[in-house]
Amino acid sequence: GSVPNDTAALVVVANGISSDPVSFTLNPIALTLPASVTENCVAGSGTVTLPTAAAADTVVSLSSANTAKVTVPASVTVLAGQTSATFAITPGNDAILSSNQAIGISAVASGYQSGFASLIVIDDDTAVISISPTATFTSTGGTGGPFTPASNVYTITNTGNTSVTWSGAITQSWLTLSPTSGTIPGGGNATVTLTLNSAANSLATGSYSDTITFTNTFTGDGTTTRAVSLSVAGTPAMSVTAGALASTGGVGGTFAPSSALFTIQNPGTASMSW
């Protein structure tokens, strides 16, 4: 609230007994600020207002409680015959990710009660990760391998303006992720490779899956997952067994023996066409 320019009387009451009134003069400086400013953005302005117009120029000293977040000039002058003057409020750019903060500004001048007000400095620093591609990584192959494709490359982008730390994790032993952590500067990126390792060659016929978790270990912003799918198909194999066919006979036949039995087998793990 505001304190009026006036003469007031102070009475102290103790044990039910009132003191004699003591008169004093209130001569406050009113300080008006914008509700907020944003880091690294256009400067705002504030106003100091005296309770009455002064006969001579009045220098009002200004100070900020946190000059890394917002600065003000050392002083502003209210000209003779005037009651107010404006001054610039310049938000800082500390490149430190933090929450929005209330910063106090003080105004002091000889012969006046000091003025005080605060404004919110909105932090413009961000650290957000974005992962590409977004599609499920799908690989296929027969038992024992090879599998196609055998690997996939992911790009982690820091869409913010402050360095971010990240980590990547998988759960299945037949996959390898490299690297699994790092730091990315603002606007930068890093690549991570997912590879089907030799353990995949020992998997039985069937479908397998896993999830890659990419975590923003600094702010959590952009933490996400990517799906992995592996299909292991059976592998056919042909085995033929039979005795030799040695047939004899005269011109025009008959021949003996006239046939032989061949056995075709598939000892593999998938159907076979022959």
# chains A, B, ... in the order shown; residues from 1 in each chain; ligands from 1
$ residues_around --residues "Gly182 (chain A)" --least-positions-apart "2" --cutoff "10 Å" --atoms "only C-alpha atoms" --output "MDAnalysis selection string"
chainID A and resid 164:168 179:180 184 190 217
$ write_last_selection --atoms "C-alpha atoms" --output "JSON list (two decimals), in the first residue's frame"
[["chain", "number", "residue", "atom", "x", "y", "z"],
["A", 164, "VAL", "CA", 21.74, -30.07, -20.44],
["A", 165, "THR", "CA", 22.88, -33.44, -19.07],
["A", 166, "TRP", "CA", 21.22, -36.61, -20.30],
["A", 167, "SER", "CA", 21.28, -40.38, -19.92],
["A", 168, "GLY", "CA", 20.08, -43.33, -21.98],
["A", 179, "PRO", "CA", 27.16, -43.64, -25.30],
["A", 180, "THR", "CA", 24.77, -43.80, -22.35],
["A", 184, "ILE", "CA", 24.91, -31.03, -24.66],
["A", 190, "ALA", "CA", 24.68, -35.60, -29.75],
["A", 217, "THR", "CA", 18.86, -35.49, -15.92]]
$ residues_around --residues "Asn189 (chain A)" --least-positions-apart "5" --cutoff "8 Å" --atoms "only C-alpha atoms" --output "PyMOL selection string"
chain A and resi 155-158+184
$ residues_around --residues "Thr211 (chain A)" --least-positions-apart "3" --cutoff "10 Å" --atoms "only C-alpha atoms" --output "ChimeraX atom specification"
/A:136-137,169-172,214,225-229
$ closest_residue --among "A:Thr235, A:Thr191, A:Thr71, A:Ser247" --to "Ile105 (chain A)" --atoms "only C-alpha atoms"
A:Thr71
$ residues_around --residues "Pro91 (chain A)" --least-positions-apart "5" --cutoff "8 Å" --atoms "only C-alpha atoms" --output "PyMOL selection string"
chain A and resi 37-43+69-71+121
$ residues_around --residues "Thr263 (chain A)" --least-positions-apart "6" --cutoff "12 Å" --atoms "only C-alpha atoms" --output "ChimeraX atom specification"
/A:238-243
$ write_last_selection --atoms "N, CA, C and O atoms" --output "compact mmCIF listing (two decimals), in the first residue's frame"
# COMPACT_ATOMS: atom_id res chain seq x y z
N MET A 238 17.80 -78.36 -45.36
CA MET A 238 17.42 -79.55 -46.14
C MET A 238 18.40 -80.69 -45.89
O MET A 238 19.62 -80.50 -45.89
N SER A 239 17.80 -81.87 -45.66
CA SER A 239 18.61 -83.09 -45.50
C SER A 239 17.98 -84.17 -46.37
O SER A 239 16.77 -84.44 -46.27
N VAL A 240 18.77 -84.79 -47.27
CA VAL A 240 18.27 -85.83 -48.18
C VAL A 240 19.02 -87.13 -47.91
O VAL A 240 20.26 -87.15 -47.91
N THR A 241 18.27 -88.21 -47.68
CA THR A 241 18.89 -89.53 -47.47
C THR A 241 18.25 -90.53 -48.41
O THR A 241 17.04 -90.52 -48.63
N ALA A 242 19.07 -91.43 -48.97
CA ALA A 242 18.56 -92.47 -49.87
C ALA A 242 19.68 -93.44 -50.20
O ALA A 242 20.86 -93.11 -50.09
N GLY A 243 19.32 -94.63 -50.61
CA GLY A 243 20.31 -95.56 -51.13
C GLY A 243 20.57 -95.27 -52.60
O GLY A 243 19.80 -94.56 -53.24
$ select_by_dssp --residues "region 117-203 of chain A" --states "strand (DSSP E)" --output "mmCIF file with N, CA, C and O atoms, in the first residue's frame"
data_model
loop_
_atom_site.group_PDB
_atom_site.id
_atom_site.type_symbol
_atom_site.label_atom_id
_atom_site.label_comp_id
_atom_site.auth_asym_id
_atom_site.auth_seq_id
_atom_site.Cartn_x
_atom_site.Cartn_y
_atom_site.Cartn_z
ATOM 1 N N ALA A 117 9.903 -1.406 -3.670
ATOM 2 C CA ALA A 117 8.928 -2.192 -4.430
ATOM 3 C C ALA A 117 9.675 -3.359 -5.071
ATOM 4 O O ALA A 117 10.913 -3.364 -5.135
ATOM 5 N N SER A 118 8.937 -4.333 -5.517
ATOM 6 C CA SER A 118 9.574 -5.497 -6.150
ATOM 7 C C SER A 118 8.884 -5.825 -7.465
ATOM 8 O O SER A 118 7.723 -5.439 -7.693
ATOM 9 N N LEU A 119 9.593 -6.531 -8.312
ATOM 10 C CA LEU A 119 9.058 -7.011 -9.578
ATOM 11 C C LEU A 119 9.565 -8.424 -9.811
ATOM 12 O O LEU A 119 10.565 -8.847 -9.222
ATOM 13 N N ILE A 120 8.880 -9.163 -10.664
ATOM 14 C CA ILE A 120 9.269 -10.535 -10.987
ATOM 15 C C ILE A 120 10.179 -10.532 -12.203
ATOM 16 O O ILE A 120 9.846 -9.948 -13.243
ATOM 17 N N VAL A 121 11.336 -11.180 -12.086
ATOM 18 C CA VAL A 121 12.233 -11.367 -13.227
ATOM 19 C C VAL A 121 11.998 -12.779 -13.751
ATOM 20 O O VAL A 121 12.229 -13.767 -13.044
ATOM 21 N N ILE A 122 11.502 -12.857 -14.972
ATOM 22 C CA ILE A 122 11.165 -14.138 -15.585
ATOM 23 C C ILE A 122 12.402 -14.736 -16.251
ATOM 24 O O ILE A 122 13.036 -14.087 -17.092
ATOM 25 N N ILE A 129 15.368 -31.573 -24.108
ATOM 26 C CA ILE A 129 15.894 -32.500 -25.109
ATOM 27 C C ILE A 129 14.792 -32.960 -26.054
ATOM 28 O O ILE A 129 13.625 -33.070 -25.668
ATOM 29 N N SER A 130 15.194 -33.214 -27.277
ATOM 30 C CA SER A 130 14.303 -33.746 -28.302
ATOM 31 C C SER A 130 15.030 -34.888 -29.004
ATOM 32 O O SER A 130 16.217 -34.748 -29.337
ATOM 33 N N ILE A 131 14.334 -36.013 -29.219
ATOM 34 C CA ILE A 131 14.967 -37.214 -29.769
ATOM 35 C C ILE A 131 14.401 -37.530 -31.147
ATOM 36 O O ILE A 131 13.179 -37.529 -31.347
ATOM 37 N N SER A 132 15.283 -37.820 -32.089
ATOM 38 C CA SER A 132 14.851 -38.294 -33.408
ATOM 39 C C SER A 132 15.736 -39.476 -33.829
ATOM 40 O O SER A 132 16.903 -39.545 -33.428
ATOM 41 N N PHE A 137 12.241 -48.816 -33.795
ATOM 42 C CA PHE A 137 13.330 -49.487 -34.501
ATOM 43 C C PHE A 137 12.961 -50.964 -34.619
ATOM 44 O O PHE A 137 12.807 -51.657 -33.614
ATOM 45 N N THR A 138 12.796 -51.436 -35.857
ATOM 46 C CA THR A 138 12.367 -52.807 -36.114
ATOM 47 C C THR A 138 13.446 -53.544 -36.895
ATOM 48 O O THR A 138 13.879 -53.080 -37.959
ATOM 49 N N SER A 139 13.858 -54.700 -36.375
ATOM 50 C CA SER A 139 14.882 -55.509 -37.035
ATOM 51 C C SER A 139 14.373 -56.944 -37.160
ATOM 52 O O SER A 139 13.620 -57.432 -36.303
ATOM 53 N N THR A 140 14.793 -57.631 -38.231
ATOM 54 C CA THR A 140 14.369 -59.016 -38.452
ATOM 55 C C THR A 140 15.556 -59.851 -38.923
ATOM 56 O O THR A 140 16.542 -59.335 -39.452
ATOM 57 N N GLY A 141 15.423 -61.154 -38.717
ATOM 58 C CA GLY A 141 16.450 -62.082 -39.178
ATOM 59 C C GLY A 141 16.139 -63.485 -38.701
ATOM 60 O O GLY A 141 15.232 -63.709 -37.896
ATOM 61 N N GLY A 142 16.892 -64.447 -39.204
ATOM 62 C CA GLY A 142 16.707 -65.835 -38.807
ATOM 63 C C GLY A 142 17.487 -66.162 -37.548
ATOM 64 O O GLY A 142 18.338 -65.386 -37.107
ATOM 65 N N PHE A 147 20.891 -59.943 -38.533
ATOM 66 C CA PHE A 147 19.631 -59.215 -38.442
ATOM 67 C C PHE A 147 19.753 -57.891 -39.183
ATOM 68 O O PHE A 147 20.805 -57.255 -39.179
ATOM 69 N N THR A 148 18.656 -57.531 -39.823
ATOM 70 C CA THR A 148 18.659 -56.317 -40.646
ATOM 71 C C THR A 148 17.469 -55.419 -40.267
ATOM 72 O O THR A 148 16.334 -55.905 -40.232
ATOM 73 N N SER A 151 21.559 -51.902 -36.567
ATOM 74 C CA SER A 151 21.769 -50.775 -35.650
ATOM 75 C C SER A 151 20.881 -49.606 -36.037
ATOM 76 O O SER A 151 20.292 -49.580 -37.131
ATOM 77 N N ASN A 152 20.795 -48.649 -35.135
ATOM 78 C CA ASN A 152 20.015 -47.441 -35.392
ATOM 79 C C ASN A 152 20.684 -46.279 -34.663
ATOM 80 O O ASN A 152 21.189 -46.434 -33.551
ATOM 81 N N VAL A 153 20.697 -45.105 -35.292
ATOM 82 C CA VAL A 153 21.325 -43.922 -34.709
ATOM 83 C C VAL A 153 20.237 -42.927 -34.303
ATOM 84 O O VAL A 153 19.353 -42.593 -35.096
ATOM 85 N N TYR A 154 20.320 -42.464 -33.053
ATOM 86 C CA TYR A 154 19.392 -41.465 -32.537
ATOM 87 C C TYR A 154 20.138 -40.146 -32.334
ATOM 88 O O TYR A 154 21.298 -40.142 -31.921
ATOM 89 N N THR A 155 19.455 -39.052 -32.627
ATOM 90 C CA THR A 155 20.025 -37.724 -32.405
ATOM 91 C C THR A 155 19.290 -37.057 -31.247
ATOM 92 O O THR A 155 18.064 -36.939 -31.272
ATOM 93 N N ILE A 156 20.063 -36.662 -30.234
ATOM 94 C CA ILE A 156 19.509 -35.927 -29.097
ATOM 95 C C ILE A 156 19.845 -34.458 -29.296
ATOM 96 O O ILE A 156 21.017 -34.086 -29.389
ATOM 97 N N THR A 157 18.822 -33.621 -29.374
ATOM 98 C CA THR A 157 19.013 -32.184 -29.594
ATOM 99 C C THR A 157 18.588 -31.412 -28.356
ATOM 100 O O THR A 157 17.521 -31.677 -27.789
ATOM 101 N N ASN A 158 19.420 -30.482 -27.942
ATOM 102 C CA ASN A 158 19.065 -29.569 -26.851
ATOM 103 C C ASN A 158 18.418 -28.344 -27.484
ATOM 104 O O ASN A 158 19.095 -27.492 -28.048
ATOM 105 N N VAL A 164 22.591 -29.057 -21.050
ATOM 106 C CA VAL A 164 21.740 -30.071 -20.435
ATOM 107 C C VAL A 164 22.530 -31.373 -20.316
ATOM 108 O O VAL A 164 23.343 -31.705 -21.177
ATOM 109 N N THR A 165 22.312 -32.103 -19.233
ATOM 110 C CA THR A 165 22.881 -33.438 -19.075
ATOM 111 C C THR A 165 21.792 -34.456 -19.349
ATOM 112 O O THR A 165 20.618 -34.230 -19.051
ATOM 113 N N TRP A 166 22.193 -35.600 -19.917
ATOM 114 C CA TRP A 166 21.217 -36.612 -20.296
ATOM 115 C C TRP A 166 21.773 -38.003 -20.026
ATOM 116 O O TRP A 166 22.979 -38.194 -19.841
ATOM 117 N N SER A 167 20.876 -38.977 -20.015
ATOM 118 C CA SER A 167 21.283 -40.380 -19.919
ATOM 119 C C SER A 167 20.353 -41.229 -20.771
ATOM 120 O O SER A 167 19.212 -40.840 -21.047
ATOM 121 N N GLY A 168 20.875 -42.387 -21.202
ATOM 122 C CA GLY A 168 20.076 -43.334 -21.980
ATOM 123 C C GLY A 168 20.171 -44.707 -21.340
ATOM 124 O O GLY A 168 21.222 -45.088 -20.824
ATOM 125 N N ALA A 169 19.057 -45.462 -21.375
ATOM 126 C CA ALA A 169 19.057 -46.772 -20.727
ATOM 127 C C ALA A 169 18.207 -47.767 -21.509
ATOM 128 O O ALA A 169 17.182 -47.412 -22.094
ATOM 129 N N LEU A 175 20.968 -55.992 -26.638
ATOM 130 C CA LEU A 175 21.140 -54.656 -27.200
ATOM 131 C C LEU A 175 22.318 -53.947 -26.534
ATOM 132 O O LEU A 175 22.604 -54.170 -25.359
ATOM 133 N N THR A 176 22.982 -53.094 -27.300
ATOM 134 C CA THR A 176 24.046 -52.244 -26.761
ATOM 135 C C THR A 176 23.735 -50.800 -27.135
ATOM 136 O O THR A 176 23.435 -50.502 -28.303
ATOM 137 N N LEU A 177 23.801 -49.888 -26.152
ATOM 138 C CA LEU A 177 23.577 -48.460 -26.379
ATOM 139 C C LEU A 177 24.862 -47.713 -26.064
ATOM 140 O O LEU A 177 25.454 -47.909 -25.004
ATOM 141 N N SER A 178 25.294 -46.857 -27.005
ATOM 142 C CA SER A 178 26.548 -46.140 -26.790
ATOM 143 C C SER A 178 26.508 -44.774 -27.474
ATOM 144 O O SER A 178 26.152 -44.682 -28.656
ATOM 145 N N SER A 181 25.384 -41.524 -21.699
ATOM 146 C CA SER A 181 25.180 -40.259 -20.992
ATOM 147 C C SER A 181 26.067 -39.199 -21.621
ATOM 148 O O SER A 181 26.990 -39.506 -22.386
ATOM 149 N N GLY A 182 25.784 -37.932 -21.269
ATOM 150 C CA GLY A 182 26.610 -36.849 -21.792
ATOM 151 C C GLY A 182 26.042 -35.492 -21.440
ATOM 152 O O GLY A 182 25.031 -35.375 -20.739
ATOM 153 N N THR A 183 26.699 -34.459 -21.956
ATOM 154 C CA THR A 183 26.281 -33.067 -21.768
ATOM 155 C C THR A 183 26.194 -32.409 -23.132
ATOM 156 O O THR A 183 27.101 -32.565 -23.960
ATOM 157 N N ILE A 184 25.106 -31.685 -23.375
ATOM 158 C CA ILE A 184 24.906 -31.026 -24.662
ATOM 159 C C ILE A 184 24.727 -29.527 -24.414
ATOM 160 O O ILE A 184 23.865 -29.130 -23.629
ATOM 161 N N ASN A 189 23.733 -30.840 -30.223
ATOM 162 C CA ASN A 189 23.155 -32.181 -30.314
ATOM 163 C C ASN A 189 24.232 -33.231 -30.107
ATOM 164 O O ASN A 189 25.432 -32.941 -30.140
ATOM 165 N N ALA A 190 23.787 -34.451 -29.906
ATOM 166 C CA ALA A 190 24.680 -35.598 -29.747
ATOM 167 C C ALA A 190 24.009 -36.801 -30.393
ATOM 168 O O ALA A 190 22.780 -36.854 -30.517
ATOM 169 N N THR A 191 24.809 -37.780 -30.828
ATOM 170 C CA THR A 191 24.262 -38.984 -31.435
ATOM 171 C C THR A 191 24.512 -40.192 -30.540
ATOM 172 O O THR A 191 25.540 -40.287 -29.865
ATOM 173 N N VAL A 192 23.546 -41.094 -30.543
ATOM 174 C CA VAL A 192 23.602 -42.320 -29.755
ATOM 175 C C VAL A 192 23.289 -43.484 -30.689
ATOM 176 O O VAL A 192 22.339 -43.411 -31.477
ATOM 177 N N THR A 193 24.092 -44.562 -30.606
ATOM 178 C CA THR A 193 23.902 -45.707 -31.491
ATOM 179 C C THR A 193 23.390 -46.911 -30.705
ATOM 180 O O THR A 193 23.971 -47.286 -29.680
ATOM 181 N N LEU A 194 22.301 -47.475 -31.201
ATOM 182 C CA LEU A 194 21.752 -48.719 -30.654
ATOM 183 C C LEU A 194 22.150 -49.856 -31.588
ATOM 184 O O LEU A 194 21.930 -49.775 -32.798
ATOM 185 N N THR A 195 22.734 -50.931 -31.021
ATOM 186 C CA THR A 195 23.246 -52.026 -31.835
ATOM 187 C C THR A 195 22.753 -53.362 -31.302
ATOM 188 O O THR A 195 22.706 -53.579 -30.083
ATOM 189 N N LEU A 196 22.374 -54.256 -32.223
ATOM 190 C CA LEU A 196 22.086 -55.642 -31.854
ATOM 191 C C LEU A 196 23.429 -56.352 -31.679
ATOM 192 O O LEU A 196 24.216 -56.442 -32.613
#
$ residues_around --residues "Asp123 (chain A)" --least-positions-apart "3" --cutoff "8 Å" --atoms "only C-alpha atoms" --output "list in words"
Thr38, Glu39, Leu97, Ser98, Ser99, Asn100 and Gln101 of chain A
$ write_last_selection --atoms "C-alpha atoms" --output "mmCIF file, in the first residue's frame"
data_model
loop_
_atom_site.group_PDB
_atom_site.id
_atom_site.type_symbol
_atom_site.label_atom_id
_atom_site.label_comp_id
_atom_site.auth_asym_id
_atom_site.auth_seq_id
_atom_site.Cartn_x
_atom_site.Cartn_y
_atom_site.Cartn_z
ATOM 1 C CA THR A 38 12.079 -11.071 -18.771
ATOM 2 C CA GLU A 39 15.786 -11.867 -18.799
ATOM 3 C CA LEU A 97 18.538 -21.963 -15.336
ATOM 4 C CA SER A 98 16.459 -20.924 -12.334
ATOM 5 C CA SER A 99 12.893 -20.209 -11.351
ATOM 6 C CA ASN A 100 11.303 -16.785 -11.735
ATOM 7 C CA GLN A 101 12.432 -14.500 -8.910
#
$ closest_residue --among "A:Ser163, A:Ser198, A:Ser258, A:Ser173" --to "Pro146 (chain A)" --atoms "only C-alpha atoms"
A:Ser198
$ closest_residue --among "A:Thr49, A:Thr223, A:Thr205, A:Thr215" --to "Leu31 (chain A)" --atoms "only C-alpha atoms"
A:Thr49
$ closest_residue --among "A:Phe255, A:Gly144, A:Ser202, A:Thr162" --to "Ala95 (chain A)" --atoms "only C-alpha atoms"
A:Thr162
$ residues_around --residues "Thr58 (chain A)" --least-positions-apart "4" --cutoff "9 Å" --atoms "only C-alpha atoms" --output "VMD selection string"
chain A and resid 54 76 to 80 109 to 110
